[in-house]
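In what follows, a single structure is set out as structure tokens and then discussed.
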Amino acid sequence: MNDQYKQHFIIQTMFLAAIALWGLLFFQFIVPATLPFWLGLAIAFLLRPVTLFLAKHLRLRRKSVAFTIILVFYLALGALLWGLASLLWQQLQSLVTALPVMYAENVQPLVHDVSLRFTGLLTDLPPRTASAIATKVQSAAADFSSGLTSLSGAMVAKATVFAGKIPFFLLTIGFSVVCSVFISVDYNHVARFLLRQLPPRWQQILLECKAFLLGTILRMARAYLILLALTFIQLAIGFYLLRVEDWALLAAVFALLDFLPFIGTGILLVPWGIFEILRQNLPLGVGLLILYAIIAVVRNLLEPKIVGDSIGLPPLVTLVGMYAGMKLFGIWGLFAAPVVILLLQFLNGRGYIRLLL
């Protein structure tokens, strides 16, 4: 390794460290302090293609079309949220009404049956062993009760903190809505102002990255929609074969849960399967656990390939990148890692950065 190569390596490392530091400061301090502006800019950016399309084909002023589009967007969003909230409230009311019946018909008989089986098991054991087991069970029950009490207290504390943040959250939403309206009406001036804050070379890089990332994100969305459809088909077939009531509706709900971060089909299928086994409904309980195993295996096998093929990365690179992103940044890193890898590959191919590829 000659001195010139060492010098180049040190300069490149310091340059990347400076970029990382500026990025950390930007996302740690500047973005939170100006969050309504960035949320408004994101909404205006997402609605801009519709604005341009309608302004071109209807031959209307772009500002008028932009204001109308964003007004319609917020009206539709408000109606959707109101409808979802009303539906959720109705379902919660029905659930609260049905809980006592569900407990009396399902949970209470199960607890009574398990208690009788446990008591019968203890009577067949030597007195010393039975006493030791009973002591352990009582200790475990006490720990469980203490854990529930602690969990309840923690949930109350979290709820109190969340309630205290609601006014600020609503204020942020209000500012974001106003910002999105102003930015949509005057999008070109805002975009040019932001671009002027960067050197000319970086402006070109940013514009090329934007065009590249838009296509990449659209292809990734298509890939995850395919995975969502596959999960729904597996759930629908499984529920139908297991003779579950409302199998199509349940398959749709479970598939959507599997698509959400931090939530998957296992969070419902596994407890449901165990509960049915404890109720001695072995065919349904074992079938639900097998169904979850099939869905998990199929998803883990197909996700790297489908996502990798959609964005042009080898499955192995996609798999390693997704795992590294999840370990470093959680579930969001799982989704963002393939995009970051592809962006680095794009910048390297254009000669903007130099990687050993």
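Within each chain, counting starts at residue 1; across the structure tokens, chains are named A, B, ... in the order shown, with ligands numbered 1 upward in that order.
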
Which residues are near Ser180 of chain A? Cut-off 6 Å, only C-alpha atoms, ignore same chain within fewer than 4 positions. Put them as JSON, numbers by chain. {"A": [40, 41, 44, 184]}

Include all heavy atoms and write out the residues we just selected as a CSV table (one decimal), in the first residue's frame.
```
chain,number,residue,atom,x,y,z
A,40,GLY,N,-45.3,18.5,5.0
A,40,GLY,CA,-46.1,19.2,3.9
A,40,GLY,C,-45.4,19.0,2.6
A,40,GLY,O,-46.1,18.8,1.5
A,41,LEU,N,-44.1,19.0,2.5
A,41,LEU,CA,-43.4,18.9,1.3
A,41,LEU,C,-43.6,17.4,0.7
A,41,LEU,O,-43.8,17.3,-0.5
A,41,LEU,CB,-41.9,19.1,1.5
A,41,LEU,CG,-41.0,18.9,0.3
A,41,LEU,CD1,-41.3,19.9,-0.8
A,41,LEU,CD2,-39.5,19.1,0.7
A,44,ALA,N,-47.1,17.3,-0.7
A,44,ALA,CA,-47.2,18.0,-2.0
A,44,ALA,C,-46.5,17.3,-3.1
A,44,ALA,O,-46.9,17.2,-4.3
A,44,ALA,CB,-46.6,19.4,-1.8
A,184,SER,N,-47.9,23.1,-2.2
A,184,SER,CA,-48.5,22.6,-3.4
A,184,SER,C,-48.8,23.7,-4.4
A,184,SER,O,-48.6,23.6,-5.6
A,184,SER,CB,-49.8,21.9,-3.1
A,184,SER,OG,-49.5,20.7,-2.3
```

Would you give me, as a tab-separated table, each residue of segment 11-78 of chain A having an atom within 9 Å of an atom of segment 154-173 of chain A, along with its shortest atom pair and that distance in Å to one decimal, using only C-alpha atoms and sorting by chain and residue number?
```
residue	atom	partner	partner_atom	distance
A:Leu35	CA	A:Thr172	CA	7.7
A:Pro36	CA	A:Thr172	CA	6.0
A:Leu39	CA	A:Ile173	CA	8.8
```

Using only C-alpha atoms, please write the residues we just selected to a file, as a compact mmCIF listing (two decimals), in the first residue's frame.
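Output below, filename result-v3.txt:
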```
# COMPACT_ATOMS: atom_id res chain seq x y z
CA LEU A 35 -41.12 18.67 10.79
CA PRO A 36 -44.37 20.30 9.50
CA LEU A 39 -44.39 16.54 6.03
```

Name the residues of segment 256-308 of chain A that come out as alpha helix (DSSP H) in a backbone DSSP run; write them as a PyMOL selection string. chain A and resi 256-259+266-278+282-308

Mind checking which residues fall within 10 Å of Ile226 of chain A, counting only C-alpha atoms, ignoring those fewer than 6 positions away in the same chain, and posting them as a list in words? Met220, Phe232, Glu303, Ile306 and Val307 of chain A

Env of Leu228 of chain A: 10 Å cut, atoms = only C-alpha atoms, seq-sep filter 2 positions within chain, self excluded. Answer as JSON, numbers by chain. {"A": [222, 223, 224, 225, 226, 230, 231, 232, 233, 252, 255, 256, 257, 258, 259, 299]}

Restrict the selected residues to N, CA, C and O atoms and save them as a compact mmCIF listing (two decimals), in the first residue's frame.
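Generated file (selection_30.txt):
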```txt
# COMPACT_ATOMS: atom_id res chain seq x y z
N ARG A 222 -44.60 -3.03 -5.78
CA ARG A 222 -45.20 -4.12 -6.55
C ARG A 222 -44.79 -5.48 -5.98
O ARG A 222 -45.62 -6.40 -5.86
N ALA A 223 -43.51 -5.61 -5.58
CA ALA A 223 -43.03 -6.88 -5.03
C ALA A 223 -43.75 -7.22 -3.72
O ALA A 223 -44.17 -8.36 -3.50
N TYR A 224 -43.89 -6.23 -2.83
CA TYR A 224 -44.54 -6.51 -1.55
C TYR A 224 -46.04 -6.74 -1.71
O TYR A 224 -46.65 -7.46 -0.91
N LEU A 225 -46.66 -6.15 -2.73
CA LEU A 225 -48.05 -6.45 -3.02
C LEU A 225 -48.20 -7.91 -3.48
O LEU A 225 -49.20 -8.58 -3.15
N ILE A 226 -47.21 -8.40 -4.24
CA ILE A 226 -47.23 -9.82 -4.63
C ILE A 226 -47.13 -10.71 -3.40
O ILE A 226 -47.86 -11.71 -3.27
N LEU A 230 -49.84 -13.44 -2.02
CA LEU A 230 -49.50 -14.84 -1.73
C LEU A 230 -49.91 -15.23 -0.30
O LEU A 230 -50.44 -16.32 -0.07
N THR A 231 -49.66 -14.32 0.65
CA THR A 231 -50.05 -14.59 2.03
C THR A 231 -51.57 -14.74 2.14
O THR A 231 -52.08 -15.63 2.84
N PHE A 232 -52.30 -13.85 1.46
CA PHE A 232 -53.76 -13.93 1.50
C PHE A 232 -54.26 -15.26 0.91
O PHE A 232 -55.16 -15.89 1.47
N ILE A 233 -53.68 -15.68 -0.21
CA ILE A 233 -54.10 -16.94 -0.84
C ILE A 233 -53.85 -18.12 0.09
O ILE A 233 -54.71 -19.00 0.26
N ALA A 252 -58.05 -11.85 4.75
CA ALA A 252 -57.67 -10.48 4.36
C ALA A 252 -57.10 -9.71 5.54
O ALA A 252 -56.07 -9.03 5.42
N ALA A 255 -53.64 -11.13 6.48
CA ALA A 255 -52.64 -10.77 5.47
C ALA A 255 -52.19 -9.32 5.64
O ALA A 255 -51.00 -9.02 5.53
N LEU A 256 -53.13 -8.43 5.94
CA LEU A 256 -52.77 -7.03 6.17
C LEU A 256 -51.92 -6.89 7.43
O LEU A 256 -50.97 -6.10 7.46
N LEU A 257 -52.23 -7.67 8.47
CA LEU A 257 -51.41 -7.63 9.68
C LEU A 257 -50.00 -8.12 9.41
O LEU A 257 -49.03 -7.61 9.96
N ASP A 258 -49.88 -9.12 8.54
CA ASP A 258 -48.56 -9.64 8.19
C ASP A 258 -47.74 -8.61 7.43
O ASP A 258 -46.51 -8.64 7.45
N PHE A 259 -48.42 -7.68 6.77
CA PHE A 259 -47.75 -6.66 5.98
C PHE A 259 -47.25 -5.50 6.83
O PHE A 259 -46.37 -4.76 6.41
N ARG A 299 -42.68 -17.26 2.97
CA ARG A 299 -42.31 -15.84 2.95
C ARG A 299 -40.80 -15.67 3.05
O ARG A 299 -40.21 -14.87 2.33
```

Would you list the contacts of Leu207 of chain A as number ranges by chain, taking every protein, DNA or RNA residue within 12 Å and counting only C-alpha atoms, but skipping same-chain residues closer than 4 positions in sequence? A: 191-192, 194-195, 198, 200-203, 211-214
